[in-house]
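Trainee: Following this line is start.cif, made up of mmCIF, C-alpha atoms (C1' of nucleotides):
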```cif
data_work
#
loop_
_atom_site.group_PDB
_atom_site.id
_atom_site.type_symbol
_atom_site.label_atom_id
_atom_site.label_comp_id
_atom_site.auth_asym_id
_atom_site.auth_seq_id
_atom_site.Cartn_x
_atom_site.Cartn_y
_atom_site.Cartn_z
ATOM 1 C CA MET A 28 133.638 98.646 93.966
ATOM 2 C CA SER A 29 135.394 95.406 94.857
ATOM 3 C CA PRO A 30 138.631 94.760 92.977
ATOM 4 C CA ALA A 31 137.583 91.178 92.118
ATOM 5 C CA PRO A 32 140.874 89.443 92.909
ATOM 6 C CA LEU A 33 142.137 86.614 90.749
ATOM 7 C CA GLU A 34 142.038 84.031 93.526
ATOM 8 C CA PRO A 35 138.855 84.030 95.605
ATOM 9 C CA ALA A 36 138.505 82.191 98.906
ATOM 10 C CA SER A 37 138.920 78.514 98.108
ATOM 11 C CA GLY A 38 135.703 76.566 98.165
ATOM 12 C CA GLU A 39 133.847 79.267 96.278
ATOM 13 C CA PRO A 40 132.547 78.664 92.784
ATOM 14 C CA PRO A 41 135.245 79.490 90.242
ATOM 15 C CA PRO A 42 134.856 82.946 88.706
ATOM 16 C CA ILE A 43 133.802 83.160 85.084
ATOM 17 C CA PHE A 44 137.143 84.295 83.762
ATOM 18 C CA ARG A 45 138.708 81.170 85.209
ATOM 19 C CA LEU A 46 136.180 78.975 83.409
ATOM 20 C CA LYS A 47 136.869 80.842 80.200
ATOM 21 C CA ALA A 48 140.608 80.466 80.653
ATOM 22 C CA ASP A 49 140.280 76.712 81.195
ATOM 23 C CA PHE A 50 138.156 76.556 78.113
ATOM 24 C CA PHE A 51 140.665 78.431 75.973
ATOM 25 C CA ARG A 52 143.572 76.511 77.392
ATOM 26 C CA VAL A 53 142.204 73.276 76.004
ATOM 27 C CA LEU A 54 142.265 74.938 72.587
ATOM 28 C CA GLY A 55 145.872 75.922 73.132
ATOM 29 C CA HIS A 56 147.473 72.914 71.532
ATOM 30 C CA PRO A 57 148.043 72.338 67.813
ATOM 31 C CA ALA A 58 146.842 68.741 67.909
ATOM 32 C CA ARG A 59 143.584 69.728 69.515
ATOM 33 C CA VAL A 60 142.933 72.559 67.108
ATOM 34 C CA ARG A 61 143.729 70.196 64.261
ATOM 35 C CA ILE A 62 141.325 67.587 65.593
ATOM 36 C CA LEU A 63 138.531 70.112 65.897
ATOM 37 C CA GLU A 64 139.149 71.269 62.354
ATOM 38 C CA LEU A 65 138.820 67.682 61.182
ATOM 39 C CA LEU A 66 135.603 67.273 63.130
ATOM 40 C CA ARG A 67 134.118 70.218 61.295
ATOM 41 C CA ASP A 68 133.375 67.785 58.453
ATOM 42 C CA GLY A 69 131.671 65.293 60.723
ATOM 43 C CA GLU A 70 132.609 62.560 63.133
ATOM 44 C CA ARG A 71 135.931 60.728 62.940
ATOM 45 C CA SER A 72 137.290 57.617 64.609
ATOM 46 C CA VAL A 73 140.249 57.854 66.939
ATOM 47 C CA GLY A 74 142.289 55.942 64.400
ATOM 48 C CA GLU A 75 141.530 58.449 61.658
ATOM 49 C CA LEU A 76 142.386 61.357 63.940
ATOM 50 C CA GLN A 77 145.563 59.640 64.970
ATOM 51 C CA ALA A 78 146.592 59.167 61.345
ATOM 52 C CA ALA A 79 145.799 62.778 60.512
ATOM 53 C CA THR A 80 147.745 64.212 63.428
ATOM 54 C CA GLY A 81 150.646 61.761 63.415
ATOM 55 C CA LEU A 82 150.360 61.277 67.166
ATOM 56 C CA GLU A 83 150.589 58.074 69.171
ATOM 57 C CA SER A 84 147.247 56.464 69.784
ATOM 58 C CA SER A 85 147.784 57.121 73.440
ATOM 59 C CA GLY A 86 148.405 60.816 72.910
ATOM 60 C CA THR A 87 145.410 61.150 70.650
ATOM 61 C CA SER A 88 143.234 59.562 73.265
ATOM 62 C CA GLN A 89 144.518 61.888 75.930
ATOM 63 C CA HIS A 90 143.855 64.981 73.876
ATOM 64 C CA LEU A 91 140.359 63.745 73.172
ATOM 65 C CA THR A 92 139.819 63.098 76.849
ATOM 66 C CA ALA A 93 140.919 66.631 77.668
ATOM 67 C CA MET A 94 138.467 68.012 75.137
ATOM 68 C CA ARG A 95 135.673 65.848 76.436
ATOM 69 C CA ARG A 96 136.293 67.072 79.982
ATOM 70 C CA GLN A 97 135.780 70.593 78.658
ATOM 71 C CA GLY A 98 132.586 69.521 76.933
ATOM 72 C CA LEU A 99 134.018 70.205 73.479
ATOM 73 C CA VAL A 100 133.493 66.752 72.014
ATOM 74 C CA GLU A 101 131.444 63.640 72.622
ATOM 75 C CA SER A 102 131.801 60.106 71.337
ATOM 76 C CA ARG A 103 129.997 56.930 70.432
ATOM 77 C CA ARG A 104 131.324 53.447 70.109
ATOM 78 C CA ALA A 105 130.818 51.312 66.980
ATOM 79 C CA GLY A 106 132.430 47.926 67.214
ATOM 80 C CA THR A 107 136.009 48.362 68.250
ATOM 81 C CA SER A 108 136.090 51.920 66.959
ATOM 82 C CA VAL A 109 135.157 55.070 68.824
ATOM 83 C CA PHE A 110 133.872 58.024 66.854
ATOM 84 C CA TYR A 111 134.210 61.572 68.115
ATOM 85 C CA ARG A 112 132.257 64.635 67.112
ATOM 86 C CA ALA A 113 132.042 68.266 68.167
ATOM 87 C CA LYS A 114 129.438 68.777 70.834
ATOM 88 C CA ASP A 115 128.571 72.403 70.189
ATOM 89 C CA PRO A 116 128.816 73.791 66.648
ATOM 90 C CA ARG A 117 129.606 77.221 68.018
ATOM 91 C CA ILE A 118 133.139 75.985 68.522
ATOM 92 C CA PHE A 119 133.589 76.331 64.774
ATOM 93 C CA GLN A 120 132.496 79.955 64.934
ATOM 94 C CA LEU A 121 135.195 80.418 67.498
ATOM 95 C CA LEU A 122 137.828 78.897 65.224
ATOM 96 C CA GLU A 123 136.574 81.025 62.363
ATOM 97 C CA ILE A 124 136.908 84.261 64.288
ATOM 98 C CA ALA A 125 140.354 83.265 65.439
ATOM 99 C CA LYS A 126 141.284 82.705 61.834
ATOM 100 C CA GLN A 127 140.045 86.159 60.899
ATOM 101 C CA ILE A 128 141.998 87.801 63.674
ATOM 102 C CA LEU A 129 145.122 85.919 62.628
ATOM 103 C CA ALA A 130 144.554 86.849 59.005
ATOM 104 C CA GLY A 131 144.405 90.491 60.041
ATOM 105 C CA ARG A 132 147.697 90.119 61.825
ATOM 106 C CA LEU A 133 149.389 88.506 58.854
ATOM 107 C CA GLU A 134 148.127 91.241 56.589
ATOM 108 C CA GLU A 135 149.671 93.789 58.913
ATOM 109 C CA THR A 136 152.988 91.959 58.791
ATOM 110 C CA ARG A 137 152.838 91.852 55.038
ATOM 111 C CA GLU A 138 152.365 95.620 54.825
ATOM 112 C CA LEU A 139 155.253 96.136 57.163
ATOM 113 C CA LEU A 140 157.499 94.013 54.989
ATOM 114 C CA GLY A 141 156.349 96.025 52.017
ATOM 115 C CA ASP A 142 157.309 99.276 53.756
ATOM 116 C CA LEU A 143 160.734 97.897 54.544
ATOM 117 C CA ALA A 144 161.287 96.938 50.927
ATOM 118 C CA ALA A 145 160.197 100.415 49.844
ATOM 119 C CA GLU A 146 162.908 101.945 52.016
ATOM 120 C CA ASP A 147 165.608 100.189 50.021
ATOM 121 C CA ALA A 148 164.208 101.530 46.753
ATOM 122 C CA PRO A 149 162.952 104.988 47.728
ATOM 123 C CA ARG A 150 161.222 107.609 45.605
ATOM 124 C CA SER A 151 158.225 105.954 43.905
ATOM 125 C CA MET B 24 146.046 62.996 50.033
ATOM 126 C CA SER B 25 148.857 63.901 52.431
ATOM 127 C CA PRO B 26 148.166 63.216 56.105
ATOM 128 C CA ALA B 27 149.298 66.715 57.143
ATOM 129 C CA PRO B 28 151.482 65.726 60.078
ATOM 130 C CA LEU B 29 151.562 67.844 63.181
ATOM 131 C CA GLU B 30 155.248 68.646 62.943
ATOM 132 C CA PRO B 31 156.446 69.741 59.488
ATOM 133 C CA ALA B 32 160.092 69.937 58.504
ATOM 134 C CA SER B 33 161.616 72.636 60.657
ATOM 135 C CA GLY B 34 162.296 75.844 58.832
ATOM 136 C CA GLU B 35 158.927 75.769 57.105
ATOM 137 C CA PRO B 36 156.265 78.310 57.915
ATOM 138 C CA PRO B 37 154.186 77.139 60.868
ATOM 139 C CA PRO B 38 150.902 75.528 59.857
ATOM 140 C CA ILE B 39 147.708 77.404 60.578
ATOM 141 C CA PHE B 40 146.544 75.175 63.379
ATOM 142 C CA ARG B 41 149.773 75.918 65.228
ATOM 143 C CA LEU B 42 149.194 79.645 64.911
ATOM 144 C CA LYS B 43 145.663 79.210 66.173
ATOM 145 C CA ALA B 44 146.858 77.103 69.084
ATOM 146 C CA ASP B 45 149.425 79.737 70.075
ATOM 147 C CA PHE B 46 146.717 82.320 69.845
ATOM 148 C CA PHE B 47 144.328 80.388 72.079
ATOM 149 C CA ARG B 48 147.038 79.478 74.514
ATOM 150 C CA VAL B 49 147.613 83.103 75.356
ATOM 151 C CA LEU B 50 143.933 83.277 76.288
ATOM 152 C CA GLY B 51 144.366 80.252 78.522
ATOM 153 C CA HIS B 52 145.099 82.099 81.716
ATOM 154 C CA PRO B 53 142.574 83.688 84.093
ATOM 155 C CA ALA B 54 144.557 86.883 84.515
ATOM 156 C CA ARG B 55 144.740 87.431 80.796
ATOM 157 C CA VAL B 56 141.055 86.782 80.247
ATOM 158 C CA ARG B 57 140.316 89.130 83.098
ATOM 159 C CA ILE B 58 142.504 91.825 81.622
ATOM 160 C CA LEU B 59 140.808 91.552 78.246
ATOM 161 C CA GLU B 60 137.421 91.807 79.890
ATOM 162 C CA LEU B 61 138.541 94.999 81.587
ATOM 163 C CA LEU B 62 139.818 96.376 78.296
ATOM 164 C CA ARG B 63 136.405 95.908 76.779
ATOM 165 C CA ASP B 64 135.443 99.184 78.443
ATOM 166 C CA GLY B 65 138.428 101.044 77.045
ATOM 167 C CA GLU B 66 142.091 101.441 77.802
ATOM 168 C CA ARG B 67 143.542 100.900 81.242
ATOM 169 C CA SER B 68 146.894 101.634 82.811
ATOM 170 C CA VAL B 69 149.093 98.808 84.026
ATOM 171 C CA GLY B 70 148.483 99.989 87.569
ATOM 172 C CA GLU B 71 144.730 99.730 87.190
ATOM 173 C CA LEU B 72 144.992 96.281 85.682
ATOM 174 C CA GLN B 73 147.328 95.241 88.426
ATOM 175 C CA ALA B 74 144.879 96.389 91.083
ATOM 176 C CA ALA B 75 142.015 94.585 89.386
ATOM 177 C CA THR B 76 143.843 91.290 89.054
ATOM 178 C CA GLY B 77 145.720 91.369 92.333
ATOM 179 C CA LEU B 78 148.981 90.418 90.637
ATOM 180 C CA GLU B 79 152.451 91.829 91.200
ATOM 181 C CA SER B 80 153.295 94.695 88.870
ATOM 182 C CA SER B 81 155.923 92.445 87.377
ATOM 183 C CA GLY B 82 153.470 89.647 86.687
ATOM 184 C CA THR B 83 150.950 92.009 85.177
ATOM 185 C CA SER B 84 153.573 93.367 82.863
ATOM 186 C CA GLN B 85 154.542 89.871 81.772
ATOM 187 C CA HIS B 86 151.007 88.895 80.936
ATOM 188 C CA LEU B 87 150.602 92.087 78.950
ATOM 189 C CA THR B 88 153.831 91.384 77.118
ATOM 190 C CA ALA B 89 152.589 87.899 76.220
ATOM 191 C CA MET B 90 149.375 89.355 74.857
ATOM 192 C CA ARG B 91 151.221 91.994 72.918
ATOM 193 C CA ARG B 92 153.417 89.346 71.306
ATOM 194 C CA GLN B 93 150.233 87.671 70.099
ATOM 195 C CA GLY B 94 148.971 90.977 68.758
ATOM 196 C CA LEU B 95 146.064 91.064 71.184
ATOM 197 C CA VAL B 96 146.842 94.400 72.812
ATOM 198 C CA GLU B 97 148.808 97.542 72.144
ATOM 199 C CA SER B 98 149.926 100.351 74.420
ATOM 200 C CA ARG B 99 150.763 104.003 74.661
ATOM 201 C CA ARG B 100 152.741 105.828 77.267
ATOM 202 C CA ALA B 101 151.420 108.878 79.118
ATOM 203 C CA GLY B 102 153.822 110.318 81.641
ATOM 204 C CA THR B 103 154.945 107.520 83.899
ATOM 205 C CA SER B 104 151.895 105.426 83.110
ATOM 206 C CA VAL B 105 151.389 102.990 80.253
ATOM 207 C CA PHE B 106 147.896 102.427 78.930
ATOM 208 C CA TYR B 107 146.880 99.220 77.214
ATOM 209 C CA ARG B 108 143.972 98.591 74.892
ATOM 210 C CA ALA B 109 142.678 95.708 72.792
ATOM 211 C CA LYS B 110 144.070 95.804 69.304
ATOM 212 C CA ASP B 111 141.285 93.999 67.463
ATOM 213 C CA PRO B 112 137.704 94.301 68.715
ATOM 214 C CA ARG B 113 136.908 90.858 67.361
ATOM 215 C CA ILE B 114 138.613 89.474 70.428
ATOM 216 C CA PHE B 115 135.503 90.477 72.350
ATOM 217 C CA GLN B 116 133.340 88.484 69.971
ATOM 218 C CA LEU B 117 135.540 85.542 70.767
ATOM 219 C CA LEU B 118 135.042 86.006 74.496
ATOM 220 C CA GLU B 119 131.319 86.392 73.950
ATOM 221 C CA ILE B 120 131.014 83.118 72.056
ATOM 222 C CA ALA B 121 133.082 81.350 74.663
ATOM 223 C CA LYS B 122 130.685 82.650 77.276
ATOM 224 C CA GLN B 123 127.733 81.297 75.334
ATOM 225 C CA ILE B 124 129.298 77.885 74.970
ATOM 226 C CA LEU B 125 130.072 77.815 78.672
ATOM 227 C CA ALA B 126 126.557 78.939 79.512
ATOM 228 C CA GLY B 127 125.216 76.034 77.483
ATOM 229 C CA ARG B 128 127.406 73.654 79.434
ATOM 230 C CA LEU B 129 126.274 75.000 82.773
ATOM 231 C CA GLU B 130 122.660 74.705 81.716
ATOM 232 C CA GLU B 131 123.282 71.076 80.901
ATOM 233 C CA THR B 132 124.800 70.479 84.304
ATOM 234 C CA ARG B 133 121.854 72.152 85.968
ATOM 235 C CA GLU B 134 119.418 69.840 84.190
ATOM 236 C CA LEU B 135 121.445 66.857 85.202
ATOM 237 C CA LEU B 136 121.320 67.919 88.815
ATOM 238 C CA GLY B 137 117.584 68.334 88.489
ATOM 239 C CA ASP B 138 117.261 64.797 87.193
ATOM 240 C CA LEU B 139 119.258 63.475 90.105
ATOM 241 C CA ALA B 140 117.044 65.285 92.590
ATOM 242 C CA ALA B 141 113.971 63.867 90.869
ATOM 243 C CA GLU B 142 115.253 60.351 91.462
ATOM 244 C CA ASP B 143 115.264 60.875 95.198
ATOM 245 C CA ALA B 144 111.637 62.017 95.126
ATOM 246 C CA PRO B 145 110.164 59.848 92.377
ATOM 247 C CA ARG B 146 106.610 59.869 90.948
ATOM 248 C CA SER B 147 105.801 63.409 89.862
ATOM 249 C "C1'" DT C 4 167.821 113.654 93.164
ATOM 250 C "C1'" DT C 5 163.814 111.394 94.451
ATOM 251 C "C1'" DT C 6 159.372 109.367 93.451
ATOM 252 C "C1'" DA C 7 156.154 106.920 90.525
ATOM 253 C "C1'" DT C 8 155.397 103.455 87.091
ATOM 254 C "C1'" DG C 9 156.586 99.821 84.304
ATOM 255 C "C1'" DT C 10 159.728 96.320 82.305
ATOM 256 C "C1'" DC C 11 163.373 92.770 82.372
ATOM 257 C "C1'" DT C 12 165.908 88.828 84.219
ATOM 258 C "C1'" DA C 13 166.444 84.626 86.662
ATOM 259 C "C1'" DC C 14 164.949 80.724 88.789
ATOM 260 C "C1'" DA C 15 162.208 77.491 91.622
ATOM 261 C "C1'" DG C 16 157.806 75.276 91.660
ATOM 262 C "C1'" DA C 17 153.714 73.880 89.216
ATOM 263 C "C1'" DG C 18 151.569 72.144 85.383
ATOM 264 C "C1'" DT C 19 151.489 69.946 80.669
ATOM 265 C "C1'" DT C 20 152.965 66.867 76.990
ATOM 266 C "C1'" DT C 21 155.194 62.859 75.266
ATOM 267 C "C1'" DT C 22 156.216 58.114 75.304
ATOM 268 C "C1'" DG C 23 155.911 53.366 76.118
ATOM 269 C "C1'" DA C 24 153.830 49.646 78.296
ATOM 270 C "C1'" DA C 25 149.859 47.486 80.349
ATOM 271 C "C1'" DG C 26 144.804 47.085 80.507
ATOM 272 C "C1'" DA C 27 139.968 47.019 78.591
ATOM 273 C "C1'" DT C 28 136.389 46.064 75.197
ATOM 274 C "C1'" DT C 29 134.450 44.305 71.130
ATOM 275 C "C1'" DT C 30 134.553 41.357 67.217
ATOM 276 C "C1'" DG C 31 135.590 37.373 64.397
ATOM 277 C "C1'" DC C 32 136.634 32.838 63.998
ATOM 278 C "C1'" DA C 33 138.297 28.014 64.971
ATOM 279 C "C1'" DT D 24 133.296 28.474 74.116
ATOM 280 C "C1'" DG D 25 137.810 30.232 73.998
ATOM 281 C "C1'" DC D 26 141.408 32.610 71.714
ATOM 282 C "C1'" DA D 27 143.465 36.239 68.832
ATOM 283 C "C1'" DA D 28 143.180 40.674 66.548
ATOM 284 C "C1'" DA D 29 141.784 45.384 66.380
ATOM 285 C "C1'" DT D 30 140.982 49.570 68.564
ATOM 286 C "C1'" DC D 31 141.043 52.589 72.412
ATOM 287 C "C1'" DT D 32 142.127 54.053 77.166
ATOM 288 C "C1'" DT D 33 144.825 54.371 81.355
ATOM 289 C "C1'" DC D 34 148.959 54.796 83.851
ATOM 290 C "C1'" DA D 35 153.381 56.459 85.100
ATOM 291 C "C1'" DA D 36 157.948 58.477 84.321
ATOM 292 C "C1'" DA D 37 160.685 61.736 81.856
ATOM 293 C "C1'" DA D 38 160.995 65.933 79.290
ATOM 294 C "C1'" DC D 39 159.387 70.212 78.640
ATOM 295 C "C1'" DT D 40 156.916 74.705 79.302
ATOM 296 C "C1'" DC D 41 154.673 78.178 81.988
ATOM 297 C "C1'" DT D 42 153.920 81.060 86.077
ATOM 298 C "C1'" DG D 43 154.886 83.601 90.334
ATOM 299 C "C1'" DT D 44 158.214 86.029 92.849
ATOM 300 C "C1'" DA D 45 161.795 89.092 93.890
ATOM 301 C "C1'" DG D 46 165.151 92.199 92.694
ATOM 302 C "C1'" DA D 47 167.583 95.065 89.332
ATOM 303 C "C1'" DC D 48 166.877 98.293 85.700
ATOM 304 C "C1'" DA D 49 164.604 102.118 82.789
ATOM 305 C "C1'" DT D 50 162.044 106.281 82.070
ATOM 306 C "C1'" DA D 51 159.372 110.359 83.066
ATOM 307 C "C1'" DA D 52 157.956 113.808 86.236
ATOM 308 C "C1'" DA D 53 158.416 116.685 90.354
#
```
Mind converting the file's structure to structure tokens?

Mentor:
Amino acid sequence: MSPAPLEPASGEPPPIFRLKADFFRVLGHPARVRILELLRDGERSVGELQAATGLESSGTSQHLTAMRRQGLVESRRAGTSVFYRAKDPRIFQLLEIAKQILAGRLEETRELLGDLAAEDAPRS
Amino acid sequence: MSPAPLEPASGEPPPIFRLKADFFRVLGHPARVRILELLRDGERSVGELQAATGLESSGTSQHLTAMRRQGLVESRRAGTSVFYRAKDPRIFQLLEIAKQILAGRLEETRELLGDLAAEDAPRS
DNA sequence: TTTATGTCTACAGAGTTTTGAAGATTTGCA
DNA sequence: TGCAAATCTTCAAAACTCTGTAGACATAAA
């Protein structure tokens, strides 16, 4: 069995786990997650997204460009505005599962805090 | 309606989209995706993971630490070895959906290439 | 004590994000 | 038509964050 090293000979097609990592990395920024959450309700103009995130217009545009490169969003122009939308609805499933995993973690933390409190006031 | 800025007053609890971003960011590295894929088949020692990824033992340990901080993995010690396992099986769902989204993208690319080839040899 | 395994620390190099200014495109209007 | 306003995008420099590497440290077993 080959050990499947992390860095194959250059020039080869990138291994799947690298593609996945690039994909997840683009989700690894609060502004981009926020934008995707906004797009769950339908398309939004850059201006609207900018207002919602509080970013510079330039920054907003760059985040959108990054997401487009990863095939996460697509856009259409209408007058001087550009509207963005999610390209694949499965991205929302992804966000949903992430939320569930995070919720599980928070629940765990909550129980732990409860246990700590119980130690101060022992004997139920 | 408040615009929900990206950066709230410091000291407040972090907004959900920041937690999600932190979560995804930890998935944004090939070695870590690779490690999770290996853990799909059950627990693995650091040494095994190191061999599979081709990293230094130190690097492997650091990636595992990062994933533990995010609650993605947990470990147990057995003799001089430490075995890691995924903490929440839903993480594999996440990887699966990512794979599907990526597969869709590749399919698209393939079609596009087909179209280009067709232009060189027109008239079907 | 020595060997086997992992983890921690520190830091240089690589990569990402922010910011501000300049450029592009479309529309409206004199 | 020609100009100005509105909306985005691109570019480049500075600030920041992450990763790989190497060595010291920790722990368990022989």

Trainee: Using all atoms listed in the file, find each residue in chain B having at least one atom no more than 12 Å away from chain D; report its shortest atom-to-atom pair and that distance in Å (one decimal), rows by chain then rising number, as a Markdown table.

Mentor:
```
| residue | atom | partner | partner_atom | distance |
| --- | --- | --- | --- | --- |
| B:Arg48 | CA | D:DC41 | C1' | 10.8 |
| B:Val49 | CA | D:DC41 | C1' | 10.9 |
| B:Gly51 | CA | D:DC41 | C1' | 11.1 |
| B:His52 | CA | D:DT42 | C1' | 9.9 |
| B:Pro53 | CA | D:DT42 | C1' | 11.8 |
| B:Ala54 | CA | D:DT42 | C1' | 11.1 |
| B:Leu78 | CA | D:DG43 | C1' | 9.0 |
| B:Glu79 | CA | D:DT44 | C1' | 8.3 |
| B:Ser80 | CA | D:DT44 | C1' | 10.7 |
| B:Ser81 | CA | D:DT44 | C1' | 8.7 |
| B:Gly82 | CA | D:DG43 | C1' | 7.2 |
| B:Thr83 | CA | D:DG43 | C1' | 10.6 |
| B:Gln85 | CA | D:DT42 | C1' | 9.8 |
| B:His86 | CA | D:DT42 | C1' | 9.8 |
| B:Ala89 | CA | D:DC41 | C1' | 11.5 |
| B:Arg100 | CA | D:DA51 | C1' | 9.9 |
| B:Ala101 | CA | D:DA51 | C1' | 9.0 |
| B:Gly102 | CA | D:DA51 | C1' | 5.7 |
| B:Thr103 | CA | D:DA51 | C1' | 5.3 |
| B:Ser104 | CA | D:DA51 | C1' | 9.0 |
| B:Val105 | CA | D:DA51 | C1' | 11.2 |
```

Trainee: Please superimpose chain B on chain A using every C-alpha atom, paired by order, in a least-squares fit, and write the moved chain as a CSV table (one decimal) with C-alpha atoms, in the coordinates of the input.

Mentor:
```csv
chain,number,residue,atom,x,y,z
B,24,MET,CA,133.5,98.5,94.3
B,25,SER,CA,135.3,95.3,95.1
B,26,PRO,CA,138.6,94.7,93.1
B,27,ALA,CA,137.5,91.2,92.2
B,28,PRO,CA,140.8,89.5,93.0
B,29,LEU,CA,142.1,86.7,90.8
B,30,GLU,CA,142.0,84.1,93.5
B,31,PRO,CA,138.8,83.9,95.6
B,32,ALA,CA,138.5,82.1,98.8
B,33,SER,CA,138.9,78.4,98.0
B,34,GLY,CA,135.7,76.5,98.1
B,35,GLU,CA,133.8,79.2,96.2
B,36,PRO,CA,132.6,78.6,92.7
B,37,PRO,CA,135.2,79.5,90.2
B,38,PRO,CA,134.8,82.9,88.7
B,39,ILE,CA,133.8,83.2,85.1
B,40,PHE,CA,137.1,84.3,83.8
B,41,ARG,CA,138.7,81.2,85.2
B,42,LEU,CA,136.2,79.0,83.4
B,43,LYS,CA,136.9,80.9,80.2
B,44,ALA,CA,140.6,80.5,80.6
B,45,ASP,CA,140.3,76.7,81.2
B,46,PHE,CA,138.2,76.6,78.1
B,47,PHE,CA,140.7,78.5,76.0
B,48,ARG,CA,143.6,76.6,77.4
B,49,VAL,CA,142.2,73.3,76.0
B,50,LEU,CA,142.3,75.0,72.6
B,51,GLY,CA,145.9,76.0,73.1
B,52,HIS,CA,147.5,73.0,71.5
B,53,PRO,CA,148.0,72.4,67.8
B,54,ALA,CA,146.8,68.8,67.9
B,55,ARG,CA,143.6,69.8,69.5
B,56,VAL,CA,142.9,72.6,67.1
B,57,ARG,CA,143.7,70.2,64.3
B,58,ILE,CA,141.3,67.6,65.6
B,59,LEU,CA,138.5,70.1,65.9
B,60,GLU,CA,139.1,71.3,62.3
B,61,LEU,CA,138.8,67.7,61.2
B,62,LEU,CA,135.6,67.3,63.2
B,63,ARG,CA,134.1,70.2,61.3
B,64,ASP,CA,133.3,67.8,58.5
B,65,GLY,CA,131.6,65.3,60.8
B,66,GLU,CA,132.6,62.5,63.2
B,67,ARG,CA,135.9,60.7,63.0
B,68,SER,CA,137.3,57.6,64.6
B,69,VAL,CA,140.3,57.9,67.0
B,70,GLY,CA,142.3,56.0,64.4
B,71,GLU,CA,141.5,58.5,61.7
B,72,LEU,CA,142.4,61.4,63.9
B,73,GLN,CA,145.5,59.7,65.0
B,74,ALA,CA,146.6,59.2,61.4
B,75,ALA,CA,145.8,62.9,60.6
B,76,THR,CA,147.8,64.3,63.5
B,77,GLY,CA,150.6,61.8,63.5
B,78,LEU,CA,150.4,61.3,67.2
B,79,GLU,CA,150.6,58.0,69.1
B,80,SER,CA,147.2,56.4,69.7
B,81,SER,CA,147.8,57.1,73.4
B,82,GLY,CA,148.4,60.8,72.9
B,83,THR,CA,145.4,61.2,70.6
B,84,SER,CA,143.2,59.6,73.2
B,85,GLN,CA,144.6,61.9,75.9
B,86,HIS,CA,143.9,65.0,73.8
B,87,LEU,CA,140.4,63.8,73.2
B,88,THR,CA,139.9,63.1,76.8
B,89,ALA,CA,141.0,66.7,77.6
B,90,MET,CA,138.5,68.1,75.1
B,91,ARG,CA,135.7,65.9,76.4
B,92,ARG,CA,136.3,67.1,80.0
B,93,GLN,CA,135.8,70.6,78.7
B,94,GLY,CA,132.6,69.6,76.9
B,95,LEU,CA,134.0,70.2,73.5
B,96,VAL,CA,133.5,66.8,72.0
B,97,GLU,CA,131.5,63.7,72.7
B,98,SER,CA,131.8,60.1,71.4
B,99,ARG,CA,130.1,56.9,70.5
B,100,ARG,CA,131.4,53.4,70.1
B,101,ALA,CA,130.9,51.3,67.0
B,102,GLY,CA,132.4,47.9,67.2
B,103,THR,CA,136.1,48.3,68.2
B,104,SER,CA,136.1,51.9,67.0
B,105,VAL,CA,135.2,55.1,68.8
B,106,PHE,CA,133.9,58.0,66.9
B,107,TYR,CA,134.2,61.6,68.1
B,108,ARG,CA,132.3,64.6,67.1
B,109,ALA,CA,132.1,68.3,68.2
B,110,LYS,CA,129.4,68.8,70.9
B,111,ASP,CA,128.6,72.4,70.2
B,112,PRO,CA,128.8,73.8,66.7
B,113,ARG,CA,129.6,77.2,68.0
B,114,ILE,CA,133.1,76.0,68.5
B,115,PHE,CA,133.6,76.3,64.8
B,116,GLN,CA,132.5,79.9,64.9
B,117,LEU,CA,135.2,80.4,67.5
B,118,LEU,CA,137.8,78.9,65.2
B,119,GLU,CA,136.5,81.0,62.3
B,120,ILE,CA,136.9,84.3,64.3
B,121,ALA,CA,140.3,83.3,65.4
B,122,LYS,CA,141.2,82.7,61.8
B,123,GLN,CA,140.0,86.2,60.9
B,124,ILE,CA,141.9,87.8,63.7
B,125,LEU,CA,145.1,86.0,62.6
B,126,ALA,CA,144.5,86.9,59.0
B,127,GLY,CA,144.4,90.5,60.0
B,128,ARG,CA,147.7,90.2,61.8
B,129,LEU,CA,149.3,88.5,58.9
B,130,GLU,CA,148.1,91.3,56.6
B,131,GLU,CA,149.6,93.8,58.9
B,132,THR,CA,152.9,92.0,58.8
B,133,ARG,CA,152.8,91.9,55.0
B,134,GLU,CA,152.3,95.6,54.8
B,135,LEU,CA,155.2,96.2,57.1
B,136,LEU,CA,157.5,94.0,55.0
B,137,GLY,CA,156.3,96.1,52.0
B,138,ASP,CA,157.3,99.3,53.7
B,139,LEU,CA,160.7,97.9,54.5
B,140,ALA,CA,161.3,96.9,50.9
B,141,ALA,CA,160.2,100.4,49.8
B,142,GLU,CA,163.0,101.9,52.0
B,143,ASP,CA,165.6,100.0,50.1
B,144,ALA,CA,164.3,101.4,46.7
B,145,PRO,CA,163.1,104.9,47.7
B,146,ARG,CA,161.4,107.5,45.5
B,147,SER,CA,158.4,105.9,43.9
```

Trainee: Identify every residue of chain C that has at least one atom within 10 Å of any atom of chain B, counting all atoms listed in the file, and report the result as a list in words.

Mentor: DA7, DT8, DG9, DT10 and DC11 of chain C

Trainee: Could you give me, as a ChimeraX atom specification, the residues within 9 Å of Gln116 of chain B, counting only C-alpha atoms (C1' of nucleotides) and dropping anything in the same chain fewer than 5 positions from it?

Mentor: /A:121,124 /B:121

Trainee: Can you check which parts of chain B lie within 6 Å of chain A? Per residue, the shortest pair of atoms and distance in Å to one decimal, counting all atoms listed in the file, sorted by chain and number, as CSV.

Mentor:
```
residue,atom,partner,partner_atom,distance
B:Pro26,CA,A:Ala79,CA,5.0
B:Pro28,CA,A:Thr80,CA,5.2
B:Leu29,CA,A:Thr80,CA,5.3
B:Phe40,CA,A:Pro57,CA,5.5
B:Arg41,CA,A:Pro57,CA,4.7
B:Ala44,CA,A:Gly55,CA,4.3
B:Phe47,CA,A:Gly55,CA,4.8
B:Arg48,CA,A:Gly55,CA,4.0
B:Leu50,CA,A:Phe51,CA,5.9
B:Gly51,CA,A:Arg52,CA,4.0
B:His52,CA,A:Ala48,CA,4.9
B:Pro53,CA,A:Arg45,CA,4.7
B:Val56,CA,A:Phe44,CA,5.8
B:Arg57,CA,A:Phe44,CA,5.8
B:Ala75,CA,A:Pro30,CA,4.9
B:Thr76,CA,A:Pro32,CA,5.2
B:Gly77,CA,A:Pro32,CA,5.2
```
